[in-house]
Amino acid sequence: MLLFCMALDCAAIRRQFPFLRKQEHLIYLDSAASVQKPECVLQAMDAFSRQKYANVHRGLYPLSEEATELFEQSRETVRSFLGARHRDEIIFTKGTTESLNLVAKSWGNALLKKGDAVALTVLEHHSAIVPWLQLKEEKGIEIVWIDIDDQGHLKRDGLTRVLKKGNVRLVSVTGLSNVLGIRPPIKEIIAEAHQAGALVCIDAAQLVGHHPVSVQELNCDFFAFSGHKPYGPTGIGVLYAKRELLRSMPPFLGGGMMIREVRRNGFTPADAPQKFEAGTPPIVEAIGLKTALEWIEAIGWNAIEAHEAALMNAAYETLGGIPGLRILGLQKPSDASGCVSFVVEGAHPHDLTDLLGQEGFCLRAGHHCAQPLHERLGVSASIRLSVALYNTEEEIRALGPAIARAIKVLAT
Ligand SMILES: Cc1ncc(COP(=O)(O)O)c(C=O)c1O
């Protein structure tokens with residue numbers, strides 16, 4: 001693994017991505033949807049699958065014991081990456097969506113009652129909204145919304161107002177908006193929510209991989225992310241939850257390995273994390289995720305944040321110079337991170353990204369699983385440009401003339 005100091009050597013980074021080496025004609029600006037994988041992640045999963053593979057927590061033969069050891073080392077890497085206190089606070093799931101569903105369907109279902117409220121921000125992704133709407137239908141809980149201003153900043157008085165109602169038991173807030181690239185002040189939100197007696201769940205699907213985090217410093221109660229955004233594989237995600245919360249929560253799914261004992265007339269669940277990991281877990285993916293997180297740490301946060309800030313500057317400069325294009329939310333790149341979304345007068349986002357795709361630019365169009373946010377912004381769809389470590393300023397600047405060409409085609 002290569003080590004980098006402060007300034008990021010983007011060419012060296014790019015060489016580590018087989019996908020980018022093979023698809024030289026593509027300019028991949030859709031990393032908020034899913035990130036390409038470095039060679040070391042692919043190799044680690046391949047080597048494990050070829051040489052060390054066995055199911056975990058089951059076999060007493062050496063191969064299975066070693067696989068279990070490697071799988072648990074992955075959990076330790078995640079613990080250390082998130083700055084969690086205990087390894088058993090790290091639950092492996094399928095992804096952020098499953099992690100957030102686990103919170104709603106285990107903690108929410110068991111501990112919330114009719115009349116209790118969950119506060120959501122209009123920035124949220126559907127996976128942080130729908131599980132709570134389901135619980136609203138099932139249990140009669142209330143959903144209260146925290147609004148944003150036109151730049152996308154959360155209205156702090158809105159938070160204070162909903163917390164004053166006295167029945168908010170949990171605030172669910174994104175760590176980084178997958179549409180506007182804005183980062184709500186989660187540390188302050190957590191402190192304020194705790195003062196009002198509410199827990200806080202952070203949807204960190206976009207945050208992890210772009211910025212360092214410490215769940216202990218944040219003092220959040222739940223924290224969810226997916227493996228495939230911070231350079232790891234699909235099929236794995238993480239839910240961090242404080243140990244005492246996990247103790248009070250019933251299992252989410254039933255099946256093998258989540259029990260201490262099964263009788264004909266009942267069962268006793270295992271302790272966390274096994275309690276929440278029914279069935280065969282994502283073993284190979286855990287090896288990949290460990291390698292991905294170590295890869296990120298070897299590059300270093302200063303270099304990562306500096307490179308991505310330069311990319312966001314280039315994005316704002318490029319998009320800002322296109323007549324008829326409107327950037328949604330933040331108007332300055334200084335607060336934006338990871339992605340920026342925009343609309344173009346007279347051009348449907350789908351038509352525009354279709355034409356850009358024909359030129360090799362991969363950008364996402366649609367509501368990005370954030371319909372309430374789009375409704376708040378007064379648009380039904382937008383185009384999203386998102387970046388990762390392998391992108392260059394040149395790639396982003398090349399998008400300007402391509403958008404201008406596409407606008408011209410759509411105007412004729
Ligand atoms: C902010 C946010 N939350 C949740 C998710 C859901 O992640 P996954 O589809 O990996 O479960 C995404 C995916 O893009 C996201 O951007």
# chains A, B, ... in the order shown; residues from 1 in each chain; ligands from 1

$ residues_around --residues "segment 66-72 of chain A" --least-positions-apart "5" --cutoff "10 Å" --atoms "only C-alpha atoms" --output "ChimeraX atom specification"
/A:48,52-61,77-78,87,281-287,290

$ closest_atom_pairs --of "chain A" --to "ligand 1" --cutoff "10 Å" --atoms "only C-alpha atoms and all ligand atoms" --output "tab-separated table"
residue	atom	partner	partner_atom_place_in_ligand_line	distance
A:Ser31	CA	ligand 1	14 (O)	9.3
A:Ala32	CA	ligand 1	14 (O)	6.2
A:Ala33	CA	ligand 1	14 (O)	5.0
A:Ser34	CA	ligand 1	14 (O)	7.3
A:Thr93	CA	ligand 1	11 (O)	9.4
A:Lys94	CA	ligand 1	11 (O)	7.2
A:Gly95	CA	ligand 1	11 (O)	4.2
A:Thr96	CA	ligand 1	11 (O)	3.9
A:Thr97	CA	ligand 1	11 (O)	3.7
A:Glu98	CA	ligand 1	11 (O)	6.4
A:Ser99	CA	ligand 1	11 (O)	7.9
A:Leu100	CA	ligand 1	4 (C)	8.3
A:Asn101	CA	ligand 1	11 (O)	9.8
A:Leu123	CA	ligand 1	1 (C)	8.6
A:Glu124	CA	ligand 1	1 (C)	6.6
A:His125	CA	ligand 1	3 (N)	5.0
A:His126	CA	ligand 1	4 (C)	7.2
A:Ser127	CA	ligand 1	4 (C)	5.4
A:Ala128	CA	ligand 1	3 (N)	6.7
A:Ile129	CA	ligand 1	3 (N)	9.7
A:Val173	CA	ligand 1	1 (C)	9.3
A:Thr174	CA	ligand 1	1 (C)	6.1
A:Gly175	CA	ligand 1	1 (C)	7.7
A:Leu176	CA	ligand 1	1 (C)	6.6
A:Ser177	CA	ligand 1	1 (C)	5.8
A:Asn178	CA	ligand 1	16 (O)	4.6
A:Val179	CA	ligand 1	16 (O)	8.0
A:Gly181	CA	ligand 1	1 (C)	9.8
A:Ile202	CA	ligand 1	3 (N)	9.4
A:Asp203	CA	ligand 1	3 (N)	5.7
A:Ala204	CA	ligand 1	1 (C)	6.5
A:Ala205	CA	ligand 1	2 (C)	4.7
A:Gln206	CA	ligand 1	1 (C)	5.4
A:Leu207	CA	ligand 1	1 (C)	8.1
A:Ala224	CA	ligand 1	4 (C)	8.3
A:Phe225	CA	ligand 1	7 (O)	7.1
A:Ser226	CA	ligand 1	10 (O)	4.8
A:Gly227	CA	ligand 1	10 (O)	7.4
A:His228	CA	ligand 1	10 (O)	6.7
A:Lys229	CA	ligand 1	10 (O)	7.4
A:Thr234	CA	ligand 1	10 (O)	7.4
A:Gly235	CA	ligand 1	10 (O)	8.2
A:Ile236	CA	ligand 1	10 (O)	8.3
A:Gly237	CA	ligand 1	10 (O)	7.3
A:Val238	CA	ligand 1	11 (O)	9.9
A:His368	CA	ligand 1	14 (O)	7.5
A:Cys369	CA	ligand 1	14 (O)	7.6
A:Ala370	CA	ligand 1	1 (C)	8.7

$ select_by_dssp --residues "segment 180-308 of chain A" --states "strand (DSSP E)" --output "PyMOL selection string"
chain A and resi 199-203+222-226+237-241+259-263+266-269

$ residues_around --residues "segment 150-153 of chain A" --least-positions-apart "5" --cutoff "9 Å" --atoms "only C-alpha atoms" --output "list in words"
Leu123, Leu180, Ile182, Arg183, Pro184, Leu328, Gly329, Leu330, Gln331, Arg376 and Leu377 of chain A

$ residues_around --residues "Gly400 of chain A" --least-positions-apart "5" --cutoff "8 Å" --atoms "only C-alpha atoms" --output "PyMOL selection string"
chain A and resi 318-319+321-322

$ write_last_selection --atoms "C-alpha atoms" --output "PDB file, in the first residue's frame"
ATOM      1  CA  THR A 318     -17.205  25.335 -13.690  1.00  0.00           C
ATOM      2  CA  LEU A 319     -20.923  25.173 -13.008  1.00  0.00           C
ATOM      3  CA  GLY A 321     -19.959  29.906 -15.408  1.00  0.00           C
ATOM      4  CA  ILE A 322     -22.754  28.199 -17.348  1.00  0.00           C
TER       5      ILE A 322
END

$ residues_around --residues "Glu308 of chain A" --least-positions-apart "6" --cutoff "8 Å" --atoms "only C-alpha atoms" --output "mmCIF file with N, CA and C atoms, in the first residue's frame"
data_model
loop_
_atom_site.group_PDB
_atom_site.id
_atom_site.type_symbol
_atom_site.label_atom_id
_atom_site.label_comp_id
_atom_site.auth_asym_id
_atom_site.auth_seq_id
_atom_site.Cartn_x
_atom_site.Cartn_y
_atom_site.Cartn_z
ATOM 1 N N HIS A 210 -15.203 10.828 3.393
ATOM 2 C CA HIS A 210 -14.856 12.207 3.031
ATOM 3 C C HIS A 210 -14.220 12.960 4.208
ATOM 4 N N SER A 337 -19.248 19.669 0.329
ATOM 5 C CA SER A 337 -18.363 18.528 0.441
ATOM 6 C C SER A 337 -18.935 17.345 -0.343
ATOM 7 N N GLY A 338 -18.118 16.765 -1.171
ATOM 8 C CA GLY A 338 -18.505 15.513 -1.835
ATOM 9 C C GLY A 338 -19.396 15.638 -3.052
ATOM 10 N N VAL A 387 -17.821 13.617 -6.211
ATOM 11 C CA VAL A 387 -16.384 13.391 -6.415
ATOM 12 C C VAL A 387 -15.821 12.376 -5.431
ATOM 13 N N ALA A 388 -14.679 11.848 -5.840
ATOM 14 C CA ALA A 388 -13.907 10.959 -4.951
ATOM 15 C C ALA A 388 -12.431 11.284 -5.176
ATOM 16 N N LEU A 389 -11.588 10.563 -4.446
ATOM 17 C CA LEU A 389 -10.153 10.878 -4.463
ATOM 18 C C LEU A 389 -9.513 10.742 -5.831
#

$ residues_around --residues "Thr268 of chain A" --least-positions-apart "4" --cutoff "12 Å" --atoms "only C-alpha atoms" --output "mmCIF file with C-alpha atoms, in the first residue's frame"
data_model
loop_
_atom_site.group_PDB
_atom_site.id
_atom_site.type_symbol
_atom_site.label_atom_id
_atom_site.label_comp_id
_atom_site.auth_asym_id
_atom_site.auth_seq_id
_atom_site.Cartn_x
_atom_site.Cartn_y
_atom_site.Cartn_z
ATOM 1 C CA PRO A 250 -34.611 -6.801 20.636
ATOM 2 C CA PRO A 251 -33.163 -8.670 17.641
ATOM 3 C CA GLY A 254 -34.307 -14.097 13.518
ATOM 4 C CA GLY A 255 -32.158 -17.018 12.405
ATOM 5 C CA MET A 257 -26.105 -17.287 15.078
ATOM 6 C CA MET A 258 -28.245 -14.582 16.716
ATOM 7 C CA ILE A 259 -29.325 -16.867 19.556
ATOM 8 C CA ARG A 260 -27.909 -18.245 22.752
ATOM 9 C CA GLU A 261 -30.483 -21.013 22.807
ATOM 10 C CA VAL A 262 -33.585 -22.111 20.865
ATOM 11 C CA ARG A 263 -36.339 -24.187 22.428
ATOM 12 C CA ARG A 264 -39.573 -25.438 20.908
ATOM 13 C CA LYS A 275 -27.890 -10.617 18.346
#

$ atom_distance --atom1 "atom CA of Glu39 of chain A" --atom2 "atom CA of Leu385 of chain A"
24.2 Å
